[in-house]
>>> print(open('run21.cif').read())   # mmCIF, C-alpha atoms and all ligand atoms
data_final
#
loop_
_atom_site.label_atom_id
_atom_site.label_comp_id
_atom_site.auth_asym_id
_atom_site.auth_seq_id
_atom_site.Cartn_x
_atom_site.Cartn_y
_atom_site.Cartn_z
CA MET A 1370 -6.55 31.62 8.84
CA ASN A 1371 -7.19 27.97 8.11
CA MET A 1372 -4.38 26.48 6.06
CA LYS A 1373 -5.86 23.01 5.92
CA ASN A 1374 -6.51 21.41 2.58
CA THR A 1375 -10.13 20.37 2.65
CA SER A 1376 -9.63 17.61 0.07
CA ARG A 1377 -8.04 15.59 2.89
CA ARG A 1378 -9.90 14.37 5.95
CA PRO A 1379 -7.87 14.36 9.16
CA LEU A 1380 -6.92 10.93 10.51
CA VAL A 1381 -5.84 10.10 14.07
CA VAL A 1382 -4.60 6.55 14.66
CA GLY A 1383 -3.63 5.02 17.99
CA ASN A 1384 -0.78 2.50 17.94
CA TRP A 1385 -1.11 0.57 21.17
CA LYS A 1386 2.08 -1.43 20.54
CA MET A 1387 2.38 -4.39 22.95
CA HIS A 1388 0.11 -3.03 25.66
CA GLY A 1389 -3.26 -3.89 27.10
CA SER A 1390 -5.37 -6.67 28.61
CA LEU A 1391 -8.93 -7.71 27.83
CA GLU A 1392 -10.03 -5.62 30.76
CA SER A 1393 -8.07 -2.45 29.96
CA VAL A 1394 -8.95 -2.63 26.26
CA THR A 1395 -12.66 -3.01 27.06
CA THR A 1396 -12.56 0.04 29.31
CA LEU A 1397 -10.63 2.11 26.78
CA LEU A 1398 -12.84 1.19 23.81
CA ASN A 1399 -16.05 1.82 25.72
CA PHE A 1400 -14.77 5.24 26.70
CA LEU A 1401 -13.67 6.13 23.16
CA ARG A 1402 -16.89 5.09 21.49
CA HIS A 1403 -18.90 7.09 23.98
CA GLU A 1404 -16.70 10.21 23.97
CA LEU A 1405 -16.19 10.33 20.24
CA GLN A 1406 -19.73 9.48 19.18
CA ASN A 1407 -20.44 12.98 17.89
CA ASN A 1408 -17.21 13.30 15.95
CA THR A 1409 -17.85 13.62 12.23
CA VAL A 1410 -14.75 15.56 11.22
CA VAL A 1411 -11.86 13.25 12.10
CA ASP A 1412 -11.30 9.67 10.95
CA VAL A 1413 -10.22 7.73 14.04
CA ALA A 1414 -8.69 4.26 14.31
CA VAL A 1415 -6.86 2.12 16.83
CA CYS A 1416 -4.15 -0.36 15.85
CA ALA A 1417 -4.42 -3.05 18.50
CA PRO A 1418 -2.40 -6.19 19.22
CA PHE A 1419 -3.73 -9.07 17.09
CA VAL A 1420 -5.39 -10.80 20.04
CA HIS A 1421 -7.45 -7.72 20.87
CA LEU A 1422 -8.86 -7.30 17.36
CA PRO A 1423 -11.98 -9.43 18.00
CA LEU A 1424 -12.77 -7.15 20.93
CA CYS A 1425 -12.33 -4.10 18.69
CA ARG A 1426 -14.77 -5.63 16.25
CA GLU A 1427 -17.25 -6.37 19.02
CA LEU A 1428 -17.11 -2.94 20.65
CA LEU A 1429 -16.46 -0.62 17.70
CA THR A 1430 -18.62 -2.04 14.92
CA ILE A 1431 -21.44 0.43 15.29
CA SER A 1432 -19.18 3.32 16.32
CA GLY A 1433 -17.45 5.55 13.79
CA ILE A 1434 -14.06 4.33 15.06
CA GLN A 1435 -12.12 1.92 12.91
CA TRP A 1436 -9.45 -0.58 13.89
CA GLY A 1437 -6.35 -2.10 12.45
CA ALA A 1438 -3.26 -4.22 13.08
CA GLN A 1439 0.33 -3.30 13.78
CA ASN A 1440 1.94 -5.90 11.54
CA VAL A 1441 1.10 -8.61 9.00
CA SER A 1442 2.78 -11.53 7.27
CA GLU A 1443 4.37 -10.97 3.89
CA HIS A 1444 2.90 -14.33 2.84
CA THR A 1445 -0.67 -15.05 1.76
CA VAL A 1446 -1.29 -18.39 3.46
CA GLY A 1447 0.65 -21.52 4.39
CA ALA A 1448 3.11 -23.10 6.78
CA TYR A 1449 4.32 -19.95 8.56
CA THR A 1450 3.99 -20.77 12.23
CA GLY A 1451 3.04 -17.77 14.31
CA GLU A 1452 2.29 -15.45 11.40
CA ILE A 1453 -0.96 -13.61 10.67
CA ALA A 1454 -2.24 -13.21 7.11
CA ALA A 1455 -3.81 -10.02 5.79
CA SER A 1456 -6.97 -11.97 4.88
CA MET A 1457 -7.35 -12.87 8.56
CA LEU A 1458 -7.20 -9.19 9.46
CA ALA A 1459 -9.81 -8.42 6.83
CA ASP A 1460 -12.01 -11.14 8.36
CA LEU A 1461 -11.82 -9.31 11.67
CA GLY A 1462 -13.02 -6.09 10.10
CA CYS A 1463 -9.68 -4.29 10.15
CA ARG A 1464 -9.36 -1.24 7.94
CA TYR A 1465 -5.70 -0.35 8.46
CA VAL A 1466 -2.38 -2.15 8.92
CA LEU A 1467 0.81 -0.43 10.03
CA VAL A 1468 3.72 -1.43 7.82
CA GLY A 1469 7.39 -0.62 8.26
CA HIS A 1470 7.12 0.87 11.73
CA SER A 1471 10.60 1.85 12.88
CA GLU A 1472 10.39 -0.64 15.75
CA ARG A 1473 9.85 -3.42 13.22
CA ARG A 1474 12.64 -2.10 11.00
CA ALA A 1475 15.12 -1.72 13.86
CA LEU A 1476 14.20 -4.59 16.20
CA PHE A 1477 12.95 -7.21 13.74
CA GLY A 1478 15.16 -6.51 10.76
CA GLU A 1479 12.45 -5.44 8.33
CA MET A 1480 14.02 -4.11 5.17
CA ASP A 1481 12.35 -2.18 2.35
CA ALA A 1482 11.76 -5.39 0.34
CA MET A 1483 9.78 -6.93 3.19
CA VAL A 1484 7.87 -3.70 3.71
CA ILE A 1485 6.83 -3.79 0.04
CA ALA A 1486 5.78 -7.45 0.25
CA LYS A 1487 3.65 -6.67 3.30
CA ILE A 1488 2.03 -3.66 1.66
CA LYS A 1489 1.07 -5.85 -1.30
CA GLN A 1490 -0.55 -8.38 1.03
CA VAL A 1491 -2.49 -5.66 2.81
CA LEU A 1492 -3.74 -4.23 -0.49
CA GLU A 1493 -4.64 -7.66 -1.81
CA ALA A 1494 -6.88 -8.11 1.24
CA GLY A 1495 -8.60 -4.79 0.53
CA LEU A 1496 -7.11 -2.99 3.55
CA LYS A 1497 -5.19 0.26 3.82
CA PRO A 1498 -1.48 0.18 4.64
CA ILE A 1499 -0.08 2.93 6.82
CA LEU A 1500 3.52 3.10 5.65
CA CYS A 1501 5.84 4.41 8.38
CA VAL A 1502 9.02 6.26 7.48
CA GLY A 1503 11.49 8.29 9.52
CA GLU A 1504 15.10 9.02 10.32
CA THR A 1505 17.18 8.24 13.41
CA LEU A 1506 18.82 10.96 15.48
CA ALA A 1507 22.23 10.19 13.96
CA GLU A 1508 20.76 10.53 10.48
CA ARG A 1509 19.12 13.86 11.33
CA GLU A 1510 22.33 15.15 12.87
CA CYS A 1511 24.30 14.45 9.74
CA ASP A 1512 21.63 16.09 7.57
CA ALA A 1513 20.52 12.80 6.05
CA THR A 1514 16.82 13.15 6.89
CA GLU A 1515 15.69 13.78 3.33
CA ALA A 1516 17.94 11.06 1.93
CA VAL A 1517 16.51 8.49 4.35
CA ILE A 1518 12.92 9.48 3.66
CA ALA A 1519 13.59 9.46 -0.08
CA ARG A 1520 15.08 5.96 0.07
CA GLN A 1521 12.20 4.58 2.12
CA LEU A 1522 9.57 6.19 -0.10
CA HIS A 1523 11.20 5.58 -3.46
CA ALA A 1524 11.42 1.87 -2.67
CA VAL A 1525 7.65 1.78 -2.33
CA LEU A 1526 6.81 4.30 -5.07
CA GLY A 1527 8.86 2.28 -7.53
CA ALA A 1528 7.32 -1.07 -6.63
CA LEU A 1529 3.60 -0.37 -6.72
CA THR A 1530 1.09 0.65 -9.37
CA SER A 1531 -0.77 3.97 -9.27
CA GLU A 1532 -3.94 2.17 -8.14
CA GLN A 1533 -2.05 0.55 -5.28
CA LEU A 1534 -0.31 3.77 -4.26
CA ALA A 1535 -3.66 5.57 -4.14
CA GLU A 1536 -4.62 3.38 -1.14
CA LEU A 1537 -1.59 4.23 1.00
CA VAL A 1538 -1.40 6.44 4.06
CA VAL A 1539 2.10 7.62 5.04
CA ALA A 1540 3.21 8.25 8.61
CA TYR A 1541 6.32 10.32 9.24
CA GLU A 1542 7.77 9.14 12.52
CA PRO A 1543 11.20 10.50 13.37
CA VAL A 1544 12.79 7.67 15.37
CA TRP A 1545 14.30 10.13 17.86
CA ALA A 1546 10.82 11.37 18.77
CA ILE A 1547 9.22 7.96 19.38
CA GLY A 1548 8.57 7.26 23.04
CA THR A 1549 11.12 9.88 24.07
CA GLY A 1550 8.80 12.75 24.92
CA LYS A 1551 10.79 14.76 22.35
CA THR A 1552 8.44 15.89 19.60
CA ALA A 1553 9.51 17.28 16.28
CA SER A 1554 8.71 20.97 16.26
CA PRO A 1555 5.73 21.89 14.08
CA GLU A 1556 8.20 23.44 11.60
CA GLN A 1557 10.39 20.32 11.48
CA ALA A 1558 7.34 18.13 10.93
CA GLN A 1559 5.92 20.44 8.26
CA ALA A 1560 9.23 20.49 6.36
CA VAL A 1561 9.40 16.69 6.14
CA HIS A 1562 5.69 16.31 5.39
CA ALA A 1563 6.00 18.80 2.52
CA TYR A 1564 9.02 16.85 1.27
CA ILE A 1565 7.05 13.58 1.37
CA ARG A 1566 4.24 15.17 -0.62
CA GLN A 1567 6.76 16.54 -3.12
CA LEU A 1568 8.32 13.08 -3.60
CA TRP A 1569 4.85 11.65 -4.14
CA LYS A 1570 4.07 14.39 -6.63
CA GLU A 1571 7.13 13.55 -8.71
CA LYS A 1572 5.84 9.98 -9.19
CA GLN A 1573 2.08 10.40 -8.85
CA PRO A 1574 1.19 14.01 -9.63
CA GLU A 1575 -2.58 13.55 -9.37
CA GLN A 1576 -2.38 11.79 -6.01
CA ALA A 1577 -0.11 14.08 -4.02
CA GLU A 1578 -2.76 16.50 -2.83
CA ARG A 1579 -4.97 13.66 -1.64
CA LEU A 1580 -2.22 11.74 0.17
CA ILE A 1581 -2.75 11.58 3.93
CA VAL A 1582 0.54 12.13 5.80
CA LEU A 1583 0.39 11.54 9.56
CA TYR A 1584 2.94 12.71 12.10
CA GLY A 1585 4.02 10.31 14.85
CA GLY A 1586 6.48 10.70 17.72
CA SER A 1587 5.42 11.85 21.18
CA VAL A 1588 2.13 13.36 20.04
CA LYS A 1589 0.33 14.45 23.22
CA ALA A 1590 -2.80 16.40 24.07
CA ASP A 1591 -0.74 19.55 24.58
CA ASN A 1592 1.29 19.53 21.36
CA ALA A 1593 -1.22 18.01 18.92
CA ARG A 1594 -3.02 21.20 17.95
CA LEU A 1595 0.09 23.04 16.78
CA LEU A 1596 1.33 20.04 14.84
CA PHE A 1597 -2.05 19.53 13.19
CA THR A 1598 -2.37 23.14 12.10
CA GLN A 1599 0.64 22.70 9.80
CA PRO A 1600 -0.57 22.62 6.20
CA ASP A 1601 0.87 19.20 5.31
CA VAL A 1602 0.23 17.43 8.63
CA ASP A 1603 -3.00 15.50 8.14
CA GLY A 1604 -3.28 13.93 11.57
CA GLY A 1605 -1.29 11.75 13.93
CA LEU A 1606 -0.05 8.26 14.67
CA VAL A 1607 -0.13 8.20 18.44
CA GLY A 1608 1.72 5.72 20.66
CA GLY A 1609 1.82 6.22 24.43
CA ALA A 1610 -0.93 8.85 24.55
CA ALA A 1611 -3.31 6.48 22.72
CA LEU A 1612 -3.41 4.31 25.84
CA ASP A 1613 -4.70 7.20 27.90
CA GLN A 1614 -8.38 7.65 27.12
CA ASN A 1615 -8.51 11.36 27.93
CA GLN A 1616 -5.32 12.21 26.04
CA PHE A 1617 -6.40 10.29 22.97
CA CYS A 1618 -9.79 12.03 22.87
CA ALA A 1619 -8.08 15.38 23.38
CA ILE A 1620 -5.81 14.63 20.42
CA VAL A 1621 -8.82 13.78 18.23
CA ASN A 1622 -10.43 17.03 19.37
CA ALA A 1623 -7.26 18.94 18.52
CA ALA A 1624 -7.47 17.57 14.97
CA GLU A 1625 -11.08 18.66 14.75
CA GLN A 1626 -10.17 22.16 15.92
CA ALA A 1627 -7.27 22.41 13.50
CA TRP A 1628 -9.63 21.62 10.63
CA ASN A 1629 -12.48 23.80 11.81
CA HIS A 1630 -10.50 26.99 12.35
P1 LIG B 1701 4.86 7.65 20.94
O1 LIG B 1701 3.64 8.47 20.65
O2 LIG B 1701 4.75 6.85 22.19
O3 LIG B 1701 6.11 8.45 20.82
O4 LIG B 1701 4.93 6.54 19.75
C1 LIG B 1701 4.86 6.95 18.44
C2 LIG B 1701 4.73 5.75 17.58
O5 LIG B 1701 5.65 4.98 17.43
C3 LIG B 1701 3.42 5.52 16.94
O6 LIG B 1701 3.51 4.53 15.97
#
>>> encode(input="run21.cif", output="structure tokens")
Amino acid sequence: MNMKNTSRRPLVVGNWKMHGSLESVTTLLNFLRHELQNNTVVDVAVCAPFVHLPLCRELLTISGIQWGAQNVSEHTVGAYTGEIAASMLADLGCRYVLVGHSERRALFGEMDAMVIAKIKQVLEAGLKPILCVGETLAERECDATEAVIARQLHAVLGALTSEQLAELVVAYEPVWAIGTGKTASPEQAQAVHAYIRQLWKEKQPEQAERLIVLYGGSVKADNARLLFTQPDVDGGLVGGAALDQNQFCAIVNAAEQAWNH
């Protein structure tokens, strides 16, 4: 029996992190646009390093695949050496921007206030933020998963208007599953995804059923299908496996199967 809610389209997003060269990105994008040309069921995007975004625009414009960035400045414009403004990402045809990825929170000191400022910039530029939330292993082990998710989400839910919140995608990425090969079980993922939707419902009752909640953390070709068949898992945010052309296509296909059956 299909438990998928048909008011939500599945979304599979690759997060390439700091990987790739002009040559490897060209090969990967050419493969994806060819392999996925008949896909009409799954929304697909790649979040590339800033410097590879022009190449995404060049190679993906007439494909159904969209592209996005992994980070953005919290400022609009000005003397911020080394920063990239959301308007610049819009200029390059980006559709999505990852915000609050756990690597940015843990390694670059991004706190909830900065995450909110970045989301506002992304929205102002007409792009869609993918807000990443998730608990560490220590937090899960002391049963603080829901408290952590609630803090991260409430910060954002309390700071944005309904219109702004309607544009968000949420990605649940348990930190202990990122790059470790340890995936959350389908049941663990479903429990947190349902909790995220419930928190959304408390603040934005009409939006909760439409909210796209992605799972991220060691999604691979061989575990994607089971994760995606969970009722509140609307797709994936894929790290390592997004760099492998065959795995990434297999993950997109797994989403298609989960929705079709
Ligand atoms: P992995 O798929 O490599 O675990 O990375 C997940 C992630 O951080 C995606 O944003």
>>> residues_around(input="run21.cif", residues="region 1517-1524 of chain A", least_positions_apart="6", cutoff="10 Å", atoms="only C-alpha atoms", output="PyMOL selection string")
chain A and resi 1469+1480-1482+1484-1485+1500-1505+1508-1509+1539+1541+1543+1561+1564-1565+1568-1569+1572
>>> residues_near_ligand(input="run21.cif", ligand="ligand LIG 1701 (chain B)", cutoff="9 Å", atoms="only C-alpha atoms and all ligand atoms", output="ChimeraX atom specification")
/A:1382-1386,1439,1467,1470-1472,1501,1540,1542-1552,1584-1589,1605-1611
>>> residues_around(input="run21.cif", residues="Gln1490 (chain A)", least_positions_apart="3", cutoff="9 Å", atoms="only C-alpha atoms", output="ChimeraX atom specification")
/A:1441-1445,1454-1456,1485-1487,1493-1496
>>> atom_distance(input="run21.cif", atom1="CA of Val1466 (chain A)", atom2="CA of Trp1628 (chain A)")
24.9 Å
>>> atom_distance(input="run21.cif", atom1="CA of Lys1373 (chain A)", atom2="CA of Trp1436 (chain A)")
25.2 Å
>>> build_atoms(input="run21.cif", residues="region 1613-1624 of chain A", atoms="all heavy atoms", output="PDB file, in the frame of the given file")
ATOM      1  N   ASP A1613      -4.076   6.363  26.885  1.00  0.00           N
ATOM      2  CA  ASP A1613      -4.700   7.200  27.900  1.00  0.00           C
ATOM      3  C   ASP A1613      -5.977   7.775  27.283  1.00  0.00           C
ATOM      4  O   ASP A1613      -5.930   8.584  26.357  1.00  0.00           O
ATOM      5  CB  ASP A1613      -3.707   8.315  28.283  1.00  0.00           C
ATOM      6  CG  ASP A1613      -4.295   9.320  29.253  1.00  0.00           C
ATOM      7  OD1 ASP A1613      -5.507   9.631  29.157  1.00  0.00           O
ATOM      8  OD2 ASP A1613      -3.536   9.818  30.093  1.00  0.00           O
ATOM      9  N   GLN A1614      -7.114   7.317  27.782  1.00  0.00           N
ATOM     10  CA  GLN A1614      -8.380   7.650  27.120  1.00  0.00           C
ATOM     11  C   GLN A1614      -8.613   9.150  26.967  1.00  0.00           C
ATOM     12  O   GLN A1614      -9.057   9.613  25.919  1.00  0.00           O
ATOM     13  CB  GLN A1614      -9.555   6.988  27.863  1.00  0.00           C
ATOM     14  CG  GLN A1614      -9.593   7.281  29.359  1.00  0.00           C
ATOM     15  CD  GLN A1614     -10.636   6.449  30.096  1.00  0.00           C
ATOM     16  OE1 GLN A1614     -10.895   5.311  29.724  1.00  0.00           O
ATOM     17  NE2 GLN A1614     -11.236   7.027  31.132  1.00  0.00           N
ATOM     18  N   ASN A1615      -8.266   9.916  28.004  1.00  0.00           N
ATOM     19  CA  ASN A1615      -8.510  11.360  27.930  1.00  0.00           C
ATOM     20  C   ASN A1615      -7.565  12.032  26.931  1.00  0.00           C
ATOM     21  O   ASN A1615      -7.957  12.910  26.168  1.00  0.00           O
ATOM     22  CB  ASN A1615      -8.361  12.001  29.308  1.00  0.00           C
ATOM     23  CG  ASN A1615      -9.472  11.538  30.233  1.00  0.00           C
ATOM     24  OD1 ASN A1615     -10.652  11.606  29.885  1.00  0.00           O
ATOM     25  ND2 ASN A1615      -9.110  11.007  31.391  1.00  0.00           N
ATOM     26  N   GLN A1616      -6.304  11.620  26.975  1.00  0.00           N
ATOM     27  CA  GLN A1616      -5.320  12.210  26.040  1.00  0.00           C
ATOM     28  C   GLN A1616      -5.704  11.900  24.605  1.00  0.00           C
ATOM     29  O   GLN A1616      -5.637  12.759  23.722  1.00  0.00           O
ATOM     30  CB  GLN A1616      -3.931  11.591  26.274  1.00  0.00           C
ATOM     31  CG  GLN A1616      -3.232  12.111  27.468  1.00  0.00           C
ATOM     32  CD  GLN A1616      -1.897  12.784  27.084  1.00  0.00           C
ATOM     33  OE1 GLN A1616      -1.630  13.135  25.937  1.00  0.00           O
ATOM     34  NE2 GLN A1616      -1.067  12.957  28.093  1.00  0.00           N
ATOM     35  N   PHE A1617      -6.098  10.653  24.355  1.00  0.00           N
ATOM     36  CA  PHE A1617      -6.400  10.290  22.970  1.00  0.00           C
ATOM     37  C   PHE A1617      -7.591  11.099  22.460  1.00  0.00           C
ATOM     38  O   PHE A1617      -7.558  11.625  21.344  1.00  0.00           O
ATOM     39  CB  PHE A1617      -6.645   8.783  22.848  1.00  0.00           C
ATOM     40  CG  PHE A1617      -6.733   8.312  21.420  1.00  0.00           C
ATOM     41  CD1 PHE A1617      -5.614   8.340  20.593  1.00  0.00           C
ATOM     42  CD2 PHE A1617      -7.933   7.849  20.884  1.00  0.00           C
ATOM     43  CE1 PHE A1617      -5.679   7.915  19.262  1.00  0.00           C
ATOM     44  CE2 PHE A1617      -8.015   7.420  19.556  1.00  0.00           C
ATOM     45  CZ  PHE A1617      -6.891   7.450  18.751  1.00  0.00           C
ATOM     46  N   CYS A1618      -8.627  11.233  23.287  1.00  0.00           N
ATOM     47  CA  CYS A1618      -9.790  12.030  22.870  1.00  0.00           C
ATOM     48  C   CYS A1618      -9.394  13.486  22.670  1.00  0.00           C
ATOM     49  O   CYS A1618      -9.869  14.142  21.727  1.00  0.00           O
ATOM     50  CB  CYS A1618     -10.913  11.912  23.888  1.00  0.00           C
ATOM     51  SG  CYS A1618     -11.677  10.289  23.870  1.00  0.00           S
ATOM     52  N   ALA A1619      -8.520  13.988  23.523  1.00  0.00           N
ATOM     53  CA  ALA A1619      -8.080  15.380  23.380  1.00  0.00           C
ATOM     54  C   ALA A1619      -7.304  15.554  22.070  1.00  0.00           C
ATOM     55  O   ALA A1619      -7.408  16.597  21.404  1.00  0.00           O
ATOM     56  CB  ALA A1619      -7.226  15.794  24.573  1.00  0.00           C
ATOM     57  N   ILE A1620      -6.563  14.551  21.676  1.00  0.00           N
ATOM     58  CA  ILE A1620      -5.810  14.630  20.420  1.00  0.00           C
ATOM     59  C   ILE A1620      -6.768  14.621  19.221  1.00  0.00           C
ATOM     60  O   ILE A1620      -6.603  15.372  18.264  1.00  0.00           O
ATOM     61  CB  ILE A1620      -4.767  13.474  20.356  1.00  0.00           C
ATOM     62  CG1 ILE A1620      -3.672  13.718  21.408  1.00  0.00           C
ATOM     63  CG2 ILE A1620      -4.166  13.339  18.961  1.00  0.00           C
ATOM     64  CD1 ILE A1620      -2.749  12.540  21.660  1.00  0.00           C
ATOM     65  N   VAL A1621      -7.802  13.784  19.300  1.00  0.00           N
ATOM     66  CA  VAL A1621      -8.820  13.780  18.230  1.00  0.00           C
ATOM     67  C   VAL A1621      -9.493  15.161  18.180  1.00  0.00           C
ATOM     68  O   VAL A1621      -9.691  15.734  17.093  1.00  0.00           O
ATOM     69  CB  VAL A1621      -9.864  12.670  18.466  1.00  0.00           C
ATOM     70  CG1 VAL A1621     -11.014  12.789  17.463  1.00  0.00           C
ATOM     71  CG2 VAL A1621      -9.212  11.290  18.369  1.00  0.00           C
ATOM     72  N   ASN A1622      -9.800  15.704  19.335  1.00  0.00           N
ATOM     73  CA  ASN A1622     -10.430  17.030  19.370  1.00  0.00           C
ATOM     74  C   ASN A1622      -9.507  18.105  18.804  1.00  0.00           C
ATOM     75  O   ASN A1622      -9.960  19.042  18.135  1.00  0.00           O
ATOM     76  CB  ASN A1622     -10.850  17.412  20.789  1.00  0.00           C
ATOM     77  CG  ASN A1622     -12.026  16.556  21.253  1.00  0.00           C
ATOM     78  OD1 ASN A1622     -12.788  16.061  20.420  1.00  0.00           O
ATOM     79  ND2 ASN A1622     -12.162  16.374  22.559  1.00  0.00           N
ATOM     80  N   ALA A1623      -8.221  17.965  19.058  1.00  0.00           N
ATOM     81  CA  ALA A1623      -7.260  18.940  18.520  1.00  0.00           C
ATOM     82  C   ALA A1623      -7.255  18.886  16.993  1.00  0.00           C
ATOM     83  O   ALA A1623      -7.149  19.920  16.321  1.00  0.00           O
ATOM     84  CB  ALA A1623      -5.852  18.645  19.059  1.00  0.00           C
ATOM     85  N   ALA A1624      -7.405  17.683  16.438  1.00  0.00           N
ATOM     86  CA  ALA A1624      -7.470  17.570  14.970  1.00  0.00           C
ATOM     87  C   ALA A1624      -8.730  18.259  14.464  1.00  0.00           C
ATOM     88  O   ALA A1624      -8.702  18.999  13.476  1.00  0.00           O
ATOM     89  CB  ALA A1624      -7.440  16.101  14.561  1.00  0.00           C
TER      90      ALA A1624
END
